[in-house]
Amino acid sequence: MTDLGPVGVYLPISFTTTAPADAQRDAARRLERAGYRTVWTNEVVGGKDALVQLAILLAATETLRFGTGIANIWAREPQVLHAAAAQLAEAYPGRLVLGIGAGYREQAAAAGRDYGSPLRTVRDYLSRMAATTSPPAPAAEYPRLLAANGPKMLALAAELADGAFPAGQNPEFTAAARATLGPGKLLVTGLTVATDDPEIPAKARAHLAAGADHVVLLPPHTDDFTTAVEELERLAPAFGTR
């Protein structure tokens with residue numbers, strides 16, 4: 001199982017702007033120096049490609065692991081996603097975790113697709129990711145997690161993926177997710193936080209105690225990218241990242 005560390009962070013995002021590549025590189029290096037082992041990024045259908053972003057950030061750091069939270073299935077065909085992820089995993093062994101999800105109806109509509117049944121669509125997407133292409137994608141391994149905030153998607157994660165990534169849930173949900181996934185799967189949970197909340201470490205520990213392998217701190221959306229990164233740096237010692 002990939003060693004993500006107990007607590008990672010979501011790179012701050014905004015719904016109105018995207019931080020320049022140089023600012024993102026600097027942020028990733030600062031978070032790596034702060035002691036975090038894993039940083040997660042989002043995807044904006046038609047606005048920001050999560051795999052391209054990870055390629056930039058992986059190249060800018062030494063040992064930091066990166067995960068997609070979440071790579072949207074409407075943004076690209078499954079064979080294309082697998083080929084990109086496998087190429088990154090080959091270039092940066094052990095440093096990539098691929099979170100996959102169906103997102104929202106609006107995201108499907110933005111890609112000109114019918115949202116349909118998320119469960120059926122994700123099942124089909126995963127099977128098509130595994131299909132052989134010619135020439136084949138690199139044989140590099142990387143964990144695949146499903147965005148799963150309900151019992152049916154958790155069961156699908158247990159069946160076909162390497163784990164699950166629920167977000168915004170309580171520790172009781174985390175415990176139920178662990179029971180569904182079983183002991184051999186990777187359970188990453190997203191914890192929505194206000195960075196000035198003194199109980200953040202306690203909340204993270206509660207999810208870890210309930211069965212999470214890794215907790216991702218999800219800071220509020222902001223247009224002040226630099227200040228948000230500074231806040232995440234400040235929090236690092238509370239999690240024993242050093």
# chains A, B, ... in the order shown; residues from 1 in each chain; ligands from 1

$ residues_around --residues "region 195-201 of chain A" --least-positions-apart "4" --cutoff "12 Å" --atoms "only C-alpha atoms" --output "NGL selection string"
:A and (6-9 or 12 or 191 or 205-208 or 215-222 or 227-241)

$ write_last_selection --atoms "N, CA, C and O atoms" --output "short mmCIF file (atom, residue, chain, number, x, y, z; two decimals), in the first residue's frame"
data_model
loop_
_atom_site.label_atom_id
_atom_site.label_comp_id
_atom_site.auth_asym_id
_atom_site.auth_seq_id
_atom_site.Cartn_x
_atom_site.Cartn_y
_atom_site.Cartn_z
N PRO A 6 -0.21 9.98 7.50
CA PRO A 6 -1.54 10.03 8.12
C PRO A 6 -2.39 11.20 7.65
O PRO A 6 -3.61 11.08 7.55
N VAL A 7 -1.76 12.34 7.37
CA VAL A 7 -2.51 13.54 7.00
C VAL A 7 -1.86 14.21 5.79
O VAL A 7 -0.64 14.44 5.78
N GLY A 8 -2.67 14.51 4.78
CA GLY A 8 -2.22 15.26 3.62
C GLY A 8 -3.08 16.49 3.45
O GLY A 8 -3.99 16.75 4.24
N VAL A 9 -2.80 17.24 2.40
CA VAL A 9 -3.53 18.49 2.19
C VAL A 9 -3.98 18.63 0.74
O VAL A 9 -3.34 18.11 -0.18
N PRO A 12 -4.91 24.52 -2.29
CA PRO A 12 -6.03 25.48 -2.28
C PRO A 12 -6.55 25.77 -3.67
O PRO A 12 -5.78 25.90 -4.63
N LEU A 191 -11.44 15.80 4.89
CA LEU A 191 -11.95 16.52 6.06
C LEU A 191 -12.01 18.00 5.76
O LEU A 191 -10.98 18.66 5.60
N ARG A 205 -7.58 12.84 13.87
CA ARG A 205 -7.31 11.61 14.63
C ARG A 205 -8.56 10.75 14.77
O ARG A 205 -8.48 9.52 14.77
N ALA A 206 -9.72 11.38 14.87
CA ALA A 206 -10.96 10.62 14.98
C ALA A 206 -11.21 9.78 13.73
O ALA A 206 -11.65 8.63 13.82
N HIS A 207 -10.93 10.34 12.56
CA HIS A 207 -11.10 9.57 11.32
C HIS A 207 -10.06 8.46 11.21
O HIS A 207 -10.37 7.35 10.75
N LEU A 208 -8.85 8.75 11.62
CA LEU A 208 -7.81 7.71 11.59
C LEU A 208 -8.16 6.56 12.54
O LEU A 208 -8.00 5.39 12.19
N VAL A 215 -5.98 11.08 5.95
CA VAL A 215 -6.97 12.16 6.01
C VAL A 215 -6.45 13.33 5.20
O VAL A 215 -5.30 13.75 5.37
N VAL A 216 -7.30 13.86 4.30
CA VAL A 216 -6.93 15.00 3.48
C VAL A 216 -7.61 16.24 4.04
O VAL A 216 -8.85 16.28 4.14
N LEU A 217 -6.84 17.25 4.39
CA LEU A 217 -7.41 18.51 4.86
C LEU A 217 -7.91 19.31 3.66
O LEU A 217 -7.14 19.61 2.74
N LEU A 218 -9.19 19.65 3.66
CA LEU A 218 -9.82 20.39 2.57
C LEU A 218 -10.08 21.81 3.04
O LEU A 218 -11.08 22.09 3.70
N PRO A 219 -9.19 22.75 2.72
CA PRO A 219 -9.38 24.13 3.19
C PRO A 219 -10.49 24.82 2.42
O PRO A 219 -10.90 24.37 1.34
N PRO A 220 -10.99 25.94 2.95
CA PRO A 220 -12.05 26.67 2.24
C PRO A 220 -11.57 27.17 0.88
O PRO A 220 -10.38 27.43 0.69
N HIS A 221 -12.50 27.29 -0.06
CA HIS A 221 -12.16 27.87 -1.36
C HIS A 221 -11.76 29.33 -1.16
O HIS A 221 -12.36 30.05 -0.36
N THR A 222 -10.73 29.74 -1.88
CA THR A 222 -10.22 31.09 -1.70
C THR A 222 -9.53 31.58 -2.96
O THR A 222 -9.00 30.77 -3.74
N THR A 227 -1.76 32.87 0.79
CA THR A 227 -2.11 32.86 2.21
C THR A 227 -2.65 31.50 2.64
O THR A 227 -2.32 31.01 3.73
N ALA A 228 -3.43 30.87 1.78
CA ALA A 228 -3.97 29.55 2.11
C ALA A 228 -2.85 28.52 2.25
O ALA A 228 -2.89 27.66 3.14
N VAL A 229 -1.86 28.60 1.40
CA VAL A 229 -0.71 27.68 1.51
C VAL A 229 0.04 27.94 2.80
O VAL A 229 0.47 27.00 3.50
N GLU A 230 0.22 29.19 3.16
CA GLU A 230 0.89 29.53 4.41
C GLU A 230 0.15 28.94 5.61
O GLU A 230 0.78 28.47 6.57
N GLU A 231 -1.18 28.96 5.57
CA GLU A 231 -1.96 28.38 6.66
C GLU A 231 -1.74 26.88 6.75
O GLU A 231 -1.65 26.31 7.85
N LEU A 232 -1.66 26.20 5.62
CA LEU A 232 -1.39 24.76 5.63
C LEU A 232 0.01 24.46 6.15
O LEU A 232 0.21 23.48 6.87
N GLU A 233 0.97 25.31 5.80
CA GLU A 233 2.32 25.16 6.36
C GLU A 233 2.29 25.28 7.88
O GLU A 233 2.93 24.50 8.59
N ARG A 234 1.54 26.25 8.36
CA ARG A 234 1.47 26.49 9.80
C ARG A 234 0.87 25.30 10.55
O ARG A 234 1.26 24.99 11.68
N LEU A 235 -0.06 24.60 9.91
CA LEU A 235 -0.71 23.46 10.55
C LEU A 235 0.17 22.22 10.62
O LEU A 235 -0.07 21.33 11.44
N ALA A 236 1.17 22.14 9.78
CA ALA A 236 1.93 20.89 9.62
C ALA A 236 2.47 20.32 10.93
O ALA A 236 2.34 19.13 11.19
N PRO A 237 3.08 21.13 11.82
CA PRO A 237 3.63 20.54 13.05
C PRO A 237 2.60 19.85 13.93
O PRO A 237 2.93 18.94 14.69
N ALA A 238 1.34 20.25 13.84
CA ALA A 238 0.29 19.66 14.68
C ALA A 238 0.04 18.20 14.33
O ALA A 238 -0.54 17.46 15.13
N PHE A 239 0.50 17.78 13.15
CA PHE A 239 0.28 16.40 12.72
C PHE A 239 1.54 15.56 12.77
O PHE A 239 1.57 14.45 12.25
N GLY A 240 2.59 16.11 13.37
CA GLY A 240 3.83 15.34 13.49
C GLY A 240 4.44 14.99 12.17
O GLY A 240 4.97 13.89 11.97
N THR A 241 4.35 15.92 11.20
CA THR A 241 4.87 15.63 9.87
C THR A 241 6.37 15.56 9.84
O THR A 241 6.98 15.02 8.92
#

$ closest_atom_pairs --of "region 39-110 of chain A" --to "region 146-170 of chain A" --cutoff "9 Å" --atoms "only C-alpha atoms" --output "JSON lines"
{"residue": "A:Gly69", "atom": "CA", "partner": "A:Phe165", "partner_atom": "CA", "distance": 8.0}
{"residue": "A:Ile70", "atom": "CA", "partner": "A:Ala147", "partner_atom": "CA", "distance": 7.0}
{"residue": "A:Leu98", "atom": "CA", "partner": "A:Leu146", "partner_atom": "CA", "distance": 8.6}
{"residue": "A:Gly99", "atom": "CA", "partner": "A:Leu146", "partner_atom": "CA", "distance": 5.7}
{"residue": "A:Ile100", "atom": "CA", "partner": "A:Leu146", "partner_atom": "CA", "distance": 5.0}
{"residue": "A:Gly101", "atom": "CA", "partner": "A:Ala147", "partner_atom": "CA", "distance": 4.9}
{"residue": "A:Ala102", "atom": "CA", "partner": "A:Ala147", "partner_atom": "CA", "distance": 7.8}
{"residue": "A:Gly103", "atom": "CA", "partner": "A:Ala147", "partner_atom": "CA", "distance": 8.3}

$ write_last_selection --atoms "N, CA, C and O atoms" --output "compact mmCIF listing (two decimals), in the first residue's frame"
# COMPACT_ATOMS: atom_id res chain seq x y z
N GLY A 69 -8.07 14.44 -6.59
CA GLY A 69 -9.24 14.42 -5.71
C GLY A 69 -10.32 15.36 -6.23
O GLY A 69 -10.51 16.38 -5.58
N ILE A 70 -10.93 15.10 -7.29
CA ILE A 70 -11.01 13.79 -7.95
C ILE A 70 -10.85 14.00 -9.47
O ILE A 70 -11.36 14.98 -10.00
N LEU A 98 -4.52 7.77 -7.95
CA LEU A 98 -5.55 8.26 -8.86
C LEU A 98 -6.92 8.12 -8.22
O LEU A 98 -7.44 7.01 -8.07
N GLY A 99 -7.51 9.24 -7.84
CA GLY A 99 -8.89 9.26 -7.39
C GLY A 99 -9.79 9.55 -8.57
O GLY A 99 -9.54 10.47 -9.35
N ILE A 100 -10.85 8.75 -8.74
CA ILE A 100 -11.74 8.84 -9.88
C ILE A 100 -13.17 9.01 -9.39
O ILE A 100 -13.57 8.38 -8.40
N GLY A 101 -13.95 9.84 -10.08
CA GLY A 101 -15.34 9.98 -9.67
C GLY A 101 -16.21 10.53 -10.77
O GLY A 101 -15.73 11.12 -11.75
N ALA A 102 -17.54 10.34 -10.60
CA ALA A 102 -18.51 10.80 -11.59
C ALA A 102 -18.92 12.24 -11.38
O ALA A 102 -19.54 12.84 -12.26
N GLY A 103 -18.61 12.81 -10.23
CA GLY A 103 -18.91 14.21 -10.01
C GLY A 103 -20.41 14.49 -10.02
O GLY A 103 -21.21 13.76 -9.44

$ atom_distance --atom1 "CA of Thr2 (chain A)" --atom2 "CA of Gly67 (chain A)"
11.1 Å

$ atom_distance --atom1 "CA of Thr38 (chain A)" --atom2 "CA of Arg65 (chain A)"
4.5 Å

$ residues_around --residues "region 119-130 of chain A" --least-positions-apart "3" --cutoff "6 Å" --atoms "only C-alpha atoms" --output "PyMOL selection string"
chain A and resi 78-79+82

$ residues_around --residues "region 104-115 of chain A" --least-positions-apart "5" --cutoff "9 Å" --atoms "only C-alpha atoms" --output "ChimeraX atom specification"
/A:44-46,72-75,121

$ write_last_selection --atoms "N, CA and C atoms" --output "PDB file, in the first residue's frame"
ATOM      1  N   VAL A  44     -11.182  20.558 -12.985  1.00  0.00           N
ATOM      2  CA  VAL A  44     -12.269  21.387 -13.492  1.00  0.00           C
ATOM      3  C   VAL A  44     -12.511  20.978 -14.940  1.00  0.00           C
ATOM      4  N   VAL A  45     -13.666  20.371 -15.205  1.00  0.00           N
ATOM      5  CA  VAL A  45     -13.956  19.893 -16.555  1.00  0.00           C
ATOM      6  C   VAL A  45     -13.941  21.071 -17.518  1.00  0.00           C
ATOM      7  N   GLY A  46     -13.050  21.006 -18.488  1.00  0.00           N
ATOM      8  CA  GLY A  46     -12.927  22.076 -19.469  1.00  0.00           C
ATOM      9  C   GLY A  46     -12.099  23.252 -18.991  1.00  0.00           C
ATOM     10  N   ASN A  72     -12.148  13.622 -12.901  1.00  0.00           N
ATOM     11  CA  ASN A  72     -13.542  13.485 -13.307  1.00  0.00           C
ATOM     12  C   ASN A  72     -13.671  12.605 -14.544  1.00  0.00           C
ATOM     13  N   ILE A  73     -14.552  11.628 -14.483  1.00  0.00           N
ATOM     14  CA  ILE A  73     -14.671  10.682 -15.601  1.00  0.00           C
ATOM     15  C   ILE A  73     -15.182  11.345 -16.876  1.00  0.00           C
ATOM     16  N   TRP A  74     -15.819  12.528 -16.750  1.00  0.00           N
ATOM     17  CA  TRP A  74     -16.346  13.195 -17.936  1.00  0.00           C
ATOM     18  C   TRP A  74     -15.272  13.980 -18.683  1.00  0.00           C
ATOM     19  N   ALA A  75     -14.103  14.130 -18.081  1.00  0.00           N
ATOM     20  CA  ALA A  75     -13.058  14.957 -18.677  1.00  0.00           C
ATOM     21  C   ALA A  75     -12.291  14.247 -19.784  1.00  0.00           C
ATOM     22  N   THR A 121     -22.167   3.829 -14.723  1.00  0.00           N
ATOM     23  CA  THR A 121     -21.177   4.539 -15.544  1.00  0.00           C
ATOM     24  C   THR A 121     -19.768   4.332 -15.022  1.00  0.00           C
TER      25      THR A 121
END
